[in-house]
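Below: structure.cif (mmCIF, C-alpha atoms and all ligand atoms)
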```cif
data_input
loop_
_atom_site.group_PDB
_atom_site.id
_atom_site.type_symbol
_atom_site.label_atom_id
_atom_site.label_comp_id
_atom_site.auth_asym_id
_atom_site.auth_seq_id
_atom_site.Cartn_x
_atom_site.Cartn_y
_atom_site.Cartn_z
ATOM 1 C CA MET G 22 -32.813 -26.455 -25.735
ATOM 2 C CA SER G 23 -30.628 -24.616 -23.257
ATOM 3 C CA GLY G 24 -27.366 -26.069 -24.569
ATOM 4 C CA PRO G 25 -26.596 -23.684 -27.466
ATOM 5 C CA ILE G 26 -27.743 -20.639 -25.452
ATOM 6 C CA LEU G 27 -25.504 -21.572 -22.542
ATOM 7 C CA PHE G 28 -22.619 -22.130 -24.936
ATOM 8 C CA SER G 29 -22.942 -18.699 -26.521
ATOM 9 C CA ALA G 30 -23.198 -17.008 -23.111
ATOM 10 C CA VAL G 31 -19.930 -18.667 -22.103
ATOM 11 C CA SER G 32 -18.124 -17.661 -25.267
ATOM 12 C CA PHE G 33 -19.422 -14.107 -24.964
ATOM 13 C CA ARG G 34 -17.917 -13.952 -21.491
ATOM 14 C CA ALA G 35 -14.649 -15.334 -22.797
ATOM 15 C CA ILE G 36 -14.485 -12.706 -25.556
ATOM 16 C CA TRP G 37 -15.379 -9.981 -23.085
ATOM 17 C CA ALA G 38 -12.606 -11.103 -20.735
ATOM 18 C CA VAL G 39 -10.059 -10.988 -23.545
ATOM 19 C CA THR G 40 -11.289 -7.538 -24.616
ATOM 20 C CA CYS G 41 -10.925 -6.273 -21.036
ATOM 21 C CA LEU G 42 -7.400 -7.597 -20.879
ATOM 22 C CA MET G 43 -6.540 -5.793 -24.111
ATOM 23 C CA LEU G 44 -8.087 -2.530 -22.874
ATOM 24 C CA ASN G 45 -6.232 -2.727 -19.577
ATOM 25 C CA GLY G 46 -2.986 -3.514 -21.338
ATOM 26 C CA GLY G 47 -3.460 -0.538 -23.655
ATOM 27 C CA ALA G 48 -4.154 1.795 -20.743
ATOM 28 C CA ALA G 49 -1.036 0.642 -18.924
ATOM 29 C CA LEU G 50 1.086 1.323 -21.998
ATOM 30 C CA ALA G 51 -0.228 4.850 -22.562
ATOM 31 C CA ALA G 52 2.537 7.177 -21.370
ATOM 32 C CA ASP G 53 0.195 9.874 -20.140
ATOM 33 C CA ALA G 54 -2.274 7.597 -18.361
ATOM 34 C CA PRO G 55 -3.045 9.120 -14.959
ATOM 35 C CA ARG G 56 -2.035 6.954 -12.042
ATOM 36 C CA ALA G 57 -4.960 5.607 -10.103
ATOM 37 C CA ILE G 58 -2.990 5.275 -6.890
ATOM 38 C CA VAL G 59 -0.998 8.224 -5.605
ATOM 39 C CA VAL G 60 1.210 7.953 -2.525
ATOM 40 C CA THR G 61 2.414 11.142 -0.820
ATOM 41 C CA GLN G 62 3.841 12.352 2.492
ATOM 42 C CA ALA G 63 5.820 9.186 3.156
ATOM 43 C CA TRP G 64 8.029 9.376 6.229
ATOM 44 C CA VAL G 65 9.570 7.083 8.754
ATOM 45 C CA ARG G 66 10.485 7.704 12.357
ATOM 46 C CA ALA G 67 14.189 7.673 13.261
ATOM 47 C CA SER G 68 15.146 4.609 15.274
ATOM 48 C CA LEU G 69 16.079 4.855 18.938
ATOM 49 C CA GLY G 70 19.679 3.766 19.500
ATOM 50 C CA GLN G 71 20.053 0.166 18.395
ATOM 51 C CA THR G 72 16.298 -0.572 18.543
ATOM 52 C CA PRO G 73 15.649 -2.534 15.344
ATOM 53 C CA THR G 74 12.026 -1.445 14.935
ATOM 54 C CA THR G 75 10.298 1.730 13.829
ATOM 55 C CA ALA G 76 7.212 2.795 11.901
ATOM 56 C CA ALA G 77 6.496 4.508 8.592
ATOM 57 C CA TYR G 78 3.527 6.629 7.611
ATOM 58 C CA LEU G 79 2.080 7.917 4.362
ATOM 59 C CA LYS G 80 -1.011 9.069 2.578
ATOM 60 C CA ILE G 81 -2.460 6.926 -0.196
ATOM 61 C CA GLU G 82 -5.109 8.196 -2.559
ATOM 62 C CA ASN G 83 -7.261 6.202 -4.953
ATOM 63 C CA ARG G 84 -8.024 8.387 -7.984
ATOM 64 C CA GLY G 85 -9.225 5.400 -9.971
ATOM 65 C CA ALA G 86 -12.731 4.073 -10.520
ATOM 66 C CA ALA G 87 -12.315 0.792 -8.657
ATOM 67 C CA GLU G 88 -11.381 -0.270 -5.172
ATOM 68 C CA ASP G 89 -7.743 -1.162 -4.692
ATOM 69 C CA ARG G 90 -6.031 -2.897 -1.828
ATOM 70 C CA ILE G 91 -2.583 -2.791 -0.262
ATOM 71 C CA LEU G 92 -1.559 -6.435 -0.036
ATOM 72 C CA SER G 93 1.920 -6.084 1.402
ATOM 73 C CA VAL G 94 4.690 -3.658 2.247
ATOM 74 C CA ALA G 95 8.472 -3.991 2.218
ATOM 75 C CA THR G 96 11.668 -1.989 2.486
ATOM 76 C CA PRO G 97 15.242 -2.928 1.612
ATOM 77 C CA ALA G 98 16.273 -1.100 4.832
ATOM 78 C CA ALA G 99 14.850 -3.839 7.063
ATOM 79 C CA ALA G 100 14.249 -7.567 7.263
ATOM 80 C CA ALA G 101 10.474 -7.192 7.389
ATOM 81 C CA ALA G 102 7.622 -4.713 7.157
ATOM 82 C CA GLN G 103 3.951 -5.185 8.002
ATOM 83 C CA LEU G 104 0.740 -3.219 7.887
ATOM 84 C CA HIS G 105 -0.314 -2.545 11.475
ATOM 85 C CA GLU G 106 -3.205 -0.884 13.203
ATOM 86 C CA SER G 107 -3.295 0.566 16.698
ATOM 87 C CA VAL G 108 -6.235 -0.528 18.783
ATOM 88 C CA SER G 109 -7.246 0.464 22.265
ATOM 89 C CA THR G 110 -8.472 -2.362 24.485
ATOM 90 C CA ASP G 111 -9.510 -1.469 28.043
ATOM 91 C CA GLY G 112 -7.538 1.756 27.773
ATOM 92 C CA ILE G 113 -4.375 0.000 26.655
ATOM 93 C CA MET G 114 -3.054 0.784 23.191
ATOM 94 C CA ARG G 115 -1.687 -2.153 21.329
ATOM 95 C CA MET G 116 -0.758 -2.913 17.755
ATOM 96 C CA GLN G 117 -1.801 -5.744 15.541
ATOM 97 C CA ALA G 118 -1.050 -6.803 11.998
ATOM 98 C CA VAL G 119 -3.601 -6.043 9.292
ATOM 99 C CA LYS G 120 -3.786 -8.521 6.416
ATOM 100 C CA SER G 121 -4.600 -5.944 3.757
ATOM 101 C CA LEU G 122 -6.002 -2.433 3.479
ATOM 102 C CA GLY G 123 -8.721 -1.494 1.004
ATOM 103 C CA ILE G 124 -9.030 1.996 -0.475
ATOM 104 C CA ASN G 125 -12.339 2.907 -2.101
ATOM 105 C CA PRO G 126 -12.352 4.878 -5.357
ATOM 106 C CA GLY G 127 -12.181 8.604 -4.694
ATOM 107 C CA GLN G 128 -11.003 8.022 -1.145
ATOM 108 C CA SER G 129 -7.679 8.416 0.564
ATOM 109 C CA LEU G 130 -6.243 6.674 3.541
ATOM 110 C CA GLU G 131 -3.825 8.200 5.987
ATOM 111 C CA LEU G 132 -1.318 6.128 7.892
ATOM 112 C CA ALA G 133 -0.368 8.283 10.875
ATOM 113 C CA PRO G 134 0.988 7.981 14.418
ATOM 114 C CA GLY G 135 -1.609 6.447 16.741
ATOM 115 C CA GLY G 136 -3.428 4.689 13.906
ATOM 116 C CA LEU G 137 -2.564 2.671 10.852
ATOM 117 C CA HIS G 138 1.155 2.396 10.174
ATOM 118 C CA ILE G 139 3.816 0.368 8.451
ATOM 119 C CA MET G 140 5.754 -1.524 11.101
ATOM 120 C CA ILE G 141 9.390 -1.879 10.173
ATOM 121 C CA MET G 142 11.228 -4.720 11.865
ATOM 122 C CA GLY G 143 14.824 -5.843 11.744
ATOM 123 C CA LEU G 144 16.449 -2.592 10.594
ATOM 124 C CA LYS G 145 19.756 -3.260 8.867
ATOM 125 C CA SER G 146 21.210 -0.081 10.369
ATOM 126 C CA PRO G 147 19.836 2.684 12.611
ATOM 127 C CA LEU G 148 17.779 5.371 10.861
ATOM 128 C CA LYS G 149 18.761 8.973 11.423
ATOM 129 C CA ALA G 150 16.737 12.099 10.623
ATOM 130 C CA GLY G 151 17.502 13.411 7.157
ATOM 131 C CA GLN G 152 18.066 10.001 5.531
ATOM 132 C CA THR G 153 15.542 8.472 3.154
ATOM 133 C CA ILE G 154 14.585 4.833 2.668
ATOM 134 C CA PRO G 155 12.542 3.262 -0.133
ATOM 135 C CA ILE G 156 9.197 1.733 0.808
ATOM 136 C CA LYS G 157 7.465 -0.638 -1.567
ATOM 137 C CA LEU G 158 3.734 -1.166 -1.550
ATOM 138 C CA ARG G 159 2.141 -4.037 -3.443
ATOM 139 C CA LEU G 160 -1.422 -3.368 -4.508
ATOM 140 C CA GLU G 161 -4.012 -5.715 -5.913
ATOM 141 C CA ARG G 162 -4.708 -3.572 -9.008
ATOM 142 C CA ALA G 163 -1.935 -0.974 -9.252
ATOM 143 C CA GLY G 164 0.852 -3.500 -8.696
ATOM 144 C CA GLU G 165 4.068 -2.367 -7.045
ATOM 145 C CA ILE G 166 4.586 1.261 -6.068
ATOM 146 C CA GLU G 167 7.859 2.459 -4.586
ATOM 147 C CA VAL G 168 8.196 5.707 -2.641
ATOM 148 C CA GLU G 169 11.055 7.387 -0.824
ATOM 149 C CA ALA G 170 10.274 7.943 2.851
ATOM 150 C CA GLU G 171 12.066 10.730 4.671
ATOM 151 C CA VAL G 172 13.442 9.839 8.094
ATOM 152 C CA ARG G 173 12.157 12.303 10.704
ATOM 153 C CA GLY G 174 13.145 12.842 14.320
ATOM 154 C CA LEU G 175 12.036 10.616 17.178
ATOM 155 C CA GLY G 176 9.513 13.190 18.368
ATOM 156 C CA ALA G 177 7.929 13.889 14.982
ATOM 157 C CA ALA G 178 4.136 13.850 15.103
ATOM 158 C CA LYS G 179 3.637 14.050 11.356
HETATM 159 CU CU CU G 201 3.121 -1.575 14.764
#
```
Represent the structure contained in this file as structure tokens.
Amino acid sequence: MSGPILFSAVSFRAIWAVTCLMLNGGAALAADAPRAIVVTQAWVRASLGQTPTTAAYLKIENRGAAEDRILSVATPAAAAAQLHESVSTDGIMRMQAVKSLGINPGQSLELAPGGLHIMIMGLKSPLKAGQTIPIKLRLERAGEIEVEAEVRGLGAAK
């Protein structure tokens, strides 16, 4: 007689799922709920002449209890933005796109020159030091987060 038992297990799961949804919704509505994902130190390198590409960097911290994941990046200042990593193959540094970036709970991830970065392609106008541009991150759990990135000089290391 596994039928009734199976049925009740399924409905328990269904109720639990609904309860979780309600709890999550309540947490999101609470005005003083601490943000699980905190983005700081966002900056972008000034562009060189008419070169339509540059890179942005930031620090992202997961203060929540669950892993989160950056799924995509964008900026209204350019046609496209992508998560990139720098890899060294046979002594040659090259860049490649990263599909997504996971951040474990309690951990932070630093996007910095020579490593992970946000590649910005198709700039609508050249970026000069002192300007700021918005950068949008879309995360699996936290949803969309927008930060202002300060444009720093061509030689900026951080
Ligand atoms: Cu790149």
(message) Set the distance at 7 Å and use all atoms listed in the file: which residues neighbour segment 172-178 of chain G once local chain neighbours fewer than 6 positions away are removed? I'd like the list as a ChimeraX atom specification.
(response) /G:64-67,134,148-153
(message) Selection in question (the file shown): the PyMOL selection byres (((chain G and resi 120-130) around 6) and not hetatm). Which residues does it include, as a ChimeraX atom specification?
(response) /G:80-92,119,131
(request) Give the residue list for ligand CU 201 (chain G) at 12 Å, counting all atoms listed in the file, as a ChimeraX atom specification, sorted by chain and then by residue number. (result) /G:74-78,101-108,114-119,132-142
(message) To one decimal place in Å, what is the distance between atom CA of Ala170 of chain G and atom CA of Pro155 of chain G?
(response)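 It comes out at 6.0 Å.
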Enclose segment 90-98 of chain G, meaning all of its atoms listed in the file, in a box aligned along x, y and z, pad it by 5 Å on each side, and list the centre and edge lengths in Å to one decimal, as lines of an AutoDock Vina configuration file.
```
center_x = 5.1
center_y = -3.8
center_z = 1.5
size_x = 32.3
size_y = 15.3
size_z = 16.7
```
(request) Measure the distance from atom CA of Ala98 of chain G to atom CA of Val59 of chain G in Å and round it to one decimal. (result)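 Calculated distance between atom CA of Ala98 of chain G and atom CA of Val59 of chain G is 22.2 Å.
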(request) Would you mind reading off the distance between atom CA of Ala163 of chain G and atom CA of Ile58 of chain G, one decimal, in Å? (result) 6.8 Å
(message) Which residues would end up in the selection if the PyMOL selection byres (((chain G and resi 166) around 10) and not hetatm) were applied here, given that I need the answer as an MDAnalysis selection string?
(response) chainID G and resid 58:60 94 156:160 163:165 167:168
Emit segment 95-171 of chain G of the structure in the block as a file comprising C-alpha atoms, as a compact mmCIF listing (two decimals), in the first residue's frame.
```
# COMPACT_ATOMS: atom_id res chain seq x y z
CA ALA G 95 25.28 44.79 -18.59
CA THR G 96 25.78 48.53 -18.82
CA PRO G 97 23.77 51.17 -20.66
CA ALA G 98 27.15 52.75 -21.61
CA ALA G 99 27.97 49.97 -24.07
CA ALA G 100 26.41 47.54 -26.51
CA ALA G 101 27.56 44.49 -24.57
CA ALA G 102 29.24 43.33 -21.38
CA GLN G 103 30.54 39.88 -20.47
CA LEU G 104 32.15 38.14 -17.54
CA HIS G 105 35.73 37.32 -18.52
CA GLU G 106 38.66 35.56 -16.96
CA SER G 107 42.33 35.97 -17.80
CA VAL G 108 44.19 32.74 -18.33
CA SER G 109 47.82 32.13 -19.06
CA THR G 110 48.55 29.47 -21.67
CA ASP G 111 52.21 28.77 -22.49
CA GLY G 112 53.14 32.13 -21.00
CA ILE G 113 50.62 34.03 -23.09
CA MET G 114 47.81 35.81 -21.28
CA ARG G 115 44.48 35.62 -22.96
CA MET G 116 40.90 36.29 -21.98
CA GLN G 117 37.87 34.11 -22.28
CA ALA G 118 34.21 34.47 -21.45
CA VAL G 119 32.90 32.88 -18.26
CA LYS G 120 29.30 31.66 -18.35
CA SER G 121 28.54 32.48 -14.73
CA LEU G 122 30.38 33.09 -11.47
CA GLY G 123 29.39 31.42 -8.21
CA ILE G 124 29.96 33.05 -4.82
CA ASN G 125 29.80 30.80 -1.76
CA PRO G 126 28.06 32.03 1.39
CA GLY G 127 30.44 34.03 3.56
CA GLN G 128 32.85 34.49 0.68
CA SER G 129 33.73 37.41 -1.51
CA LEU G 130 35.03 37.53 -5.01
CA GLU G 131 37.29 40.20 -6.39
CA LEU G 132 37.28 41.15 -10.04
CA ALA G 133 40.64 42.85 -10.59
CA PRO G 134 43.15 43.59 -13.35
CA GLY G 135 44.91 40.42 -14.48
CA GLY G 136 42.08 38.17 -13.33
CA LEU G 137 38.32 38.10 -13.49
CA HIS G 138 36.77 41.20 -15.04
CA ILE G 139 33.72 42.57 -16.76
CA MET G 140 34.56 43.06 -20.42
CA ILE G 141 32.78 46.07 -21.85
CA MET G 142 32.37 46.07 -25.62
CA GLY G 143 30.89 48.58 -28.00
CA LEU G 144 31.19 51.72 -25.86
CA LYS G 145 28.66 54.34 -26.92
CA SER G 146 31.18 57.10 -26.19
CA PRO G 147 34.74 57.17 -24.83
CA LEU G 148 35.08 56.91 -21.04
CA LYS G 149 37.13 59.54 -19.28
CA ALA G 150 38.47 59.47 -15.72
CA GLY G 151 36.05 61.05 -13.28
CA GLN G 152 32.86 59.91 -15.04
CA THR G 153 30.68 57.14 -13.65
CA ILE G 154 28.68 54.50 -15.49
CA PRO G 155 26.01 52.15 -14.13
CA ILE G 156 26.79 48.43 -14.16
CA LYS G 157 24.01 45.91 -13.72
CA LEU G 158 24.60 42.45 -12.37
CA ARG G 159 21.95 39.75 -12.62
CA LEU G 160 22.19 37.12 -9.92
CA GLU G 161 20.43 33.81 -9.60
CA ARG G 162 19.07 34.53 -6.09
CA ALA G 163 19.53 38.25 -5.43
CA GLY G 164 18.11 39.31 -8.79
CA GLU G 165 19.33 42.52 -10.39
CA ILE G 166 21.84 44.75 -8.62
CA GLU G 167 22.94 48.05 -10.10
CA VAL G 168 26.11 49.86 -9.04
CA GLU G 169 27.83 53.03 -10.17
CA ALA G 170 31.35 52.38 -11.42
CA GLU G 171 33.86 55.20 -11.28
```
